[in-house]
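Asks: Provided below: entry_22.tsv, containing TSV, C-alpha atoms.
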chain	number	residue	atom	x	y	z
K	1	VAL	CA	-6.70	12.30	-13.47
K	2	GLN	CA	-5.64	9.39	-11.28
K	3	LEU	CA	-5.90	9.70	-7.50
K	4	GLN	CA	-4.01	7.66	-4.92
K	5	ALA	CA	-5.00	8.06	-1.28
K	6	SER	CA	-2.78	6.98	1.59
K	7	GLY	CA	-2.15	7.53	5.28
K	8	GLY	CA	-4.96	5.57	6.85
K	9	GLY	CA	-4.44	3.28	9.79
K	10	LEU	CA	-5.43	2.39	13.33
K	11	VAL	CA	-5.40	5.14	15.94
K	12	GLN	CA	-6.78	5.57	19.43
K	13	ALA	CA	-9.56	8.02	20.13
K	14	GLY	CA	-8.14	11.48	20.58
K	15	GLY	CA	-5.27	10.77	18.23
K	16	SER	CA	-4.35	12.21	14.86
K	17	LEU	CA	-3.77	11.04	11.32
K	18	ARG	CA	-2.83	12.79	8.13
K	19	LEU	CA	-4.23	11.49	4.87
K	20	SER	CA	-2.66	12.28	1.53
K	21	CYS	CA	-4.03	12.05	-1.97
K	22	ALA	CA	-1.57	12.23	-4.84
K	23	ALA	CA	-2.88	13.19	-8.27
K	24	SER	CA	-1.37	12.35	-11.61
K	25	GLY	CA	-2.22	12.46	-15.27
K	26	GLN	CA	-3.70	15.94	-15.56
K	27	THR	CA	-2.99	19.45	-14.35
K	28	PHE	CA	-3.79	19.30	-10.65
K	29	THR	CA	-4.83	22.93	-10.39
K	30	ASN	CA	-7.65	22.31	-12.85
K	31	TYR	CA	-9.62	20.53	-10.15
K	32	TYR	CA	-11.52	21.22	-7.00
K	33	MET	CA	-10.68	18.49	-4.51
K	34	GLY	CA	-12.82	16.79	-1.92
K	35	TRP	CA	-12.73	14.15	0.77
K	36	PHE	CA	-15.59	11.78	1.48
K	37	ARG	CA	-15.89	8.82	3.78
K	38	GLN	CA	-18.00	5.71	4.01
K	39	ALA	CA	-18.51	3.83	7.22
K	40	LEU	CA	-19.50	0.18	7.13
K	41	GLY	CA	-23.13	-0.13	6.13
K	42	LYS	CA	-23.60	3.59	5.57
K	43	GLU	CA	-23.76	5.98	2.65
K	44	HIS	CA	-20.86	8.10	1.47
K	45	GLU	CA	-20.55	11.22	3.58
K	46	PHE	CA	-18.96	14.51	2.61
K	47	VAL	CA	-15.99	15.46	4.80
K	48	ALA	CA	-14.13	18.42	3.29
K	49	ALA	CA	-13.48	20.27	0.05
K	50	ILE	CA	-10.95	22.78	-1.19
K	51	SER	CA	-10.80	25.19	-4.09
K	52	ARG	CA	-8.16	25.07	-6.79
K	53	SER	CA	-5.97	27.70	-5.16
K	54	GLY	CA	-6.61	26.37	-1.67
K	55	ASP	CA	-7.97	29.63	-0.35
K	56	THR	CA	-11.53	28.35	0.09
K	57	VAL	CA	-12.39	25.29	2.15
K	58	TYR	CA	-15.57	23.62	3.32
K	59	TYR	CA	-16.19	21.09	6.06
K	60	ALA	CA	-18.93	18.84	7.26
K	61	ASP	CA	-20.32	19.93	10.60
K	62	SER	CA	-19.17	16.65	12.12
K	63	VAL	CA	-15.49	17.41	11.46
K	64	GLU	CA	-15.40	21.20	11.64
K	65	GLY	CA	-12.69	22.31	14.02
K	66	ARG	CA	-11.01	18.89	14.07
K	67	PHE	CA	-10.06	18.27	10.45
K	68	THR	CA	-8.09	20.51	8.10
K	69	VAL	CA	-7.97	20.16	4.34
K	70	SER	CA	-5.07	21.63	2.39
K	71	ARG	CA	-3.30	21.16	-0.91
K	72	ASP	CA	0.20	21.51	-2.25
K	73	ASN	CA	-0.20	22.32	-5.92
K	74	ALA	CA	3.52	22.03	-6.54
K	75	LYS	CA	3.36	18.41	-5.37
K	76	ASN	CA	-0.07	17.60	-6.86
K	77	THR	CA	-1.27	16.48	-3.47
K	78	VAL	CA	-4.23	17.20	-1.23
K	79	PHE	CA	-4.12	16.48	2.49
K	80	LEU	CA	-6.60	15.84	5.25
K	81	GLN	CA	-5.19	16.45	8.71
K	82	MET	CA	-7.42	14.76	11.25
K	83	THR	CA	-7.14	15.50	14.97
K	84	SER	CA	-9.19	14.63	18.05
K	85	LEU	CA	-10.35	11.52	16.27
K	86	LYS	CA	-13.46	9.74	17.50
K	87	PRO	CA	-14.65	6.16	16.98
K	88	GLU	CA	-17.41	7.50	14.74
K	89	ASP	CA	-14.73	8.79	12.35
K	90	THR	CA	-13.96	5.17	11.47
K	91	ALA	CA	-14.52	4.76	7.74
K	92	VAL	CA	-12.89	4.35	4.38
K	93	TYR	CA	-11.79	7.81	3.26
K	94	TYR	CA	-11.85	8.73	-0.40
K	95	CYS	CA	-10.40	11.70	-2.21
K	96	ALA	CA	-12.14	13.04	-5.27
K	97	ALA	CA	-11.56	15.61	-7.99
K	98	ALA	CA	-14.14	17.83	-9.64
K	99	ILE	CA	-13.90	19.63	-12.95
K	100	PRO	CA	-15.07	23.17	-12.09
K	101	ARG	CA	-18.11	23.33	-14.39
K	102	THR	CA	-20.17	25.04	-11.73
K	103	SER	CA	-19.58	26.73	-8.41
K	104	LEU	CA	-17.87	24.71	-5.68
K	105	ARG	CA	-19.77	26.78	-3.13
K	106	HIS	CA	-23.10	25.23	-4.17
K	107	ASN	CA	-21.91	21.72	-4.90
K	108	TYR	CA	-19.02	20.76	-2.64
K	109	HIS	CA	-21.08	18.35	-0.55
K	110	ASN	CA	-22.57	16.51	-3.52
K	111	ARG	CA	-20.91	13.22	-4.33
K	112	GLY	CA	-22.18	13.39	-7.92
K	113	TYR	CA	-20.33	16.67	-8.46
K	114	TYR	CA	-16.96	14.92	-8.44
K	115	ASP	CA	-15.61	13.32	-11.60
K	116	TYR	CA	-12.70	11.22	-10.37
K	117	TRP	CA	-12.20	9.10	-7.27
K	118	GLY	CA	-9.29	7.49	-5.52
K	119	GLN	CA	-9.35	3.95	-4.19
K	120	GLY	CA	-9.89	4.84	-0.51
K	121	THR	CA	-7.85	4.44	2.62
K	122	LEU	CA	-9.18	2.89	5.83
K	123	VAL	CA	-9.15	4.86	9.07
K	124	THR	CA	-10.00	2.96	12.24
K	125	VAL	CA	-10.39	4.81	15.53
K	126	SER	CA	-10.46	2.64	18.62
K	127	SER	CA	-12.17	3.71	21.82
Can the structure in the file be given as C-alpha cells, please?
Replies:
Amino acid sequence: VQLQASGGGLVQAGGSLRLSCAASGQTFTNYYMGWFRQALGKEHEFVAAISRSGDTVYYADSVEGRFTVSRDNAKNTVFLQMTSLKPEDTAVYYCAAAIPRTSLRHNYHNRGYYDYWGQGTLVTVSS
C-alpha cells in the first residue's frame, strides 16, 4: 500500500491543523493505521492509532484530549485532527499502515509493528 500524507504547515500555538493520509494500492480496510512524529534530533514518537473499522483508537499521553484520529474507509483516508497545538508538537508527521498479524492493542505504539510508511508532512508550531 502507498501512503501520501498532507496537511502540514505553520501554525501559531493554540491553533489547529488537520492532517490527511491517503492510501492506495491495496484494500484500505485491511490495515490498522497509525501516526508517528519525529522532531529534529529526536526519535520517532507514537502519536495515535486506529483500528480497521475506526471504532478503537489509541493516543500518546502527550496528545490525548487534543488530537483526534479518524478514518474514512470509503475514501481510503486516515485523518489526524490536531487542536490546541503547542511548540513541542513541531515535527515531521508520518502515517503508517500495519498488517493485522497480531493485536493492535498490544502493539500500536511500536514503530516496528507498521509495515508501510508515508513520506511525512512537516508541522511547525510557533510560540
Asks: Quick one: everything within 9 Å of Asp89 of chain K, counting all atoms listed in the file, minus sequence neighbours fewer than 2 positions away in the same chain. Send it as a JSON list (two decimals) with C-alpha atoms, in the coordinates of the input.
Replies:
[["chain", "number", "residue", "atom", "x", "y", "z"],
["K", 37, "ARG", "CA", -15.89, 8.82, 3.78],
["K", 39, "ALA", "CA", -18.51, 3.83, 7.22],
["K", 63, "VAL", "CA", -15.49, 17.41, 11.46],
["K", 85, "LEU", "CA", -10.35, 11.52, 16.27],
["K", 86, "LYS", "CA", -13.46, 9.74, 17.50],
["K", 87, "PRO", "CA", -14.65, 6.16, 16.98],
["K", 91, "ALA", "CA", -14.52, 4.76, 7.74],
["K", 123, "VAL", "CA", -9.15, 4.86, 9.07],
["K", 124, "THR", "CA", -10.00, 2.96, 12.24],
["K", 125, "VAL", "CA", -10.39, 4.81, 15.53]]
Asks: Which one is closest to Asn110 of chain K: K:Tyr31, K:Leu3, K:Ser127, K:Ala98? Count only C-alpha atoms.
Replies: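 The shortest atom-to-atom distance to Asn110 of chain K comes from K:Ala98.
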Asks: Mind pulling up the distance from atom CA of Thr56 of chain K to atom CA of Gln2 of chain K?
Replies: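 Computing the Euclidean distance for atom CA of Gln2 of chain K and atom CA of Thr56 of chain K yields 22.9 Å.
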Asks: Considering all atoms listed in the file, state which residue in the set K:Asp115, K:Glu43, K:Asp61, K:Asp72 is at the smallest distance from Ala97 of chain K.
Replies: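 The closest residue to Ala97 of chain K is K:Asp115.
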Asks: Which one of K:Phe79, K:Trp117, K:Phe67, K:Trp35 sits closest to Leu19 of chain K if you count all atoms listed in the file?
Replies: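 Going through K:Phe79, K:Trp117, K:Phe67, K:Trp35 one by one, the smallest distance to Leu19 of chain K is for K:Phe79.
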Asks: List every protein, DNA or RNA residue that has an atom no more than 12 Å from (-0.8, 20.7, -5.1) in the file's coordinate frame, counting only C-alpha atoms, and report them as a PyMOL selection string.
Replies: chain K and resi 20-24+26-33+50-54+69-79
Asks: With all atoms listed in the file as the atoms that count, which of K:Leu17, K:Val11, K:Leu122, K:Cys95 lies nearest to Arg66 of chain K?
Replies: K:Leu17
Asks: Could you work out how far atom CA of Tyr113 of chain K lies from atom CA of Ala5 of chain K, giving the answer in Å with one decimal?
Replies: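 We find that atom CA of Ala5 of chain K and atom CA of Tyr113 of chain K lie 19.0 Å from each other.
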Asks: Enter the distance from atom CA of His44 of chain K to atom CA of Thr121 of chain K, in Å, rounded to one decimal.
Replies: 13.6 Å
Asks: Which residue out of K:Gly34, K:Gly14, K:Gly120, K:Gly9 has the minimum interatomic distance to Thr68 of chain K when all atoms listed in the file are used?
Replies: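 Selected residue with least distance to Thr68 of chain K: K:Gly34.
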Asks: In terms of the shortest atom-to-atom distance over all atoms listed in the file, which of K:Val57, K:Ser62, K:Arg111, K:Gly25 is closest to Gln4 of chain K?
Replies: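 Counting all atoms listed in the file, the residue closest to Gln4 of chain K is K:Gly25.
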Asks: Please provide as a ChimeraX atom specification all residues within 9 Å of Ala60 of chain K, with the sequence filter that same-chain residues fewer than 6 positions apart are discarded (counting all atoms listed in the file).
Replies: /K:45-48,109
Asks: Could you pull the residues within 12 Å of His106 of chain K, counting all atoms listed in the file, minus those fewer than 6 positions along the same chain, as an NGL selection string?
Replies: :K and (49 or 58 or 100 or 113)
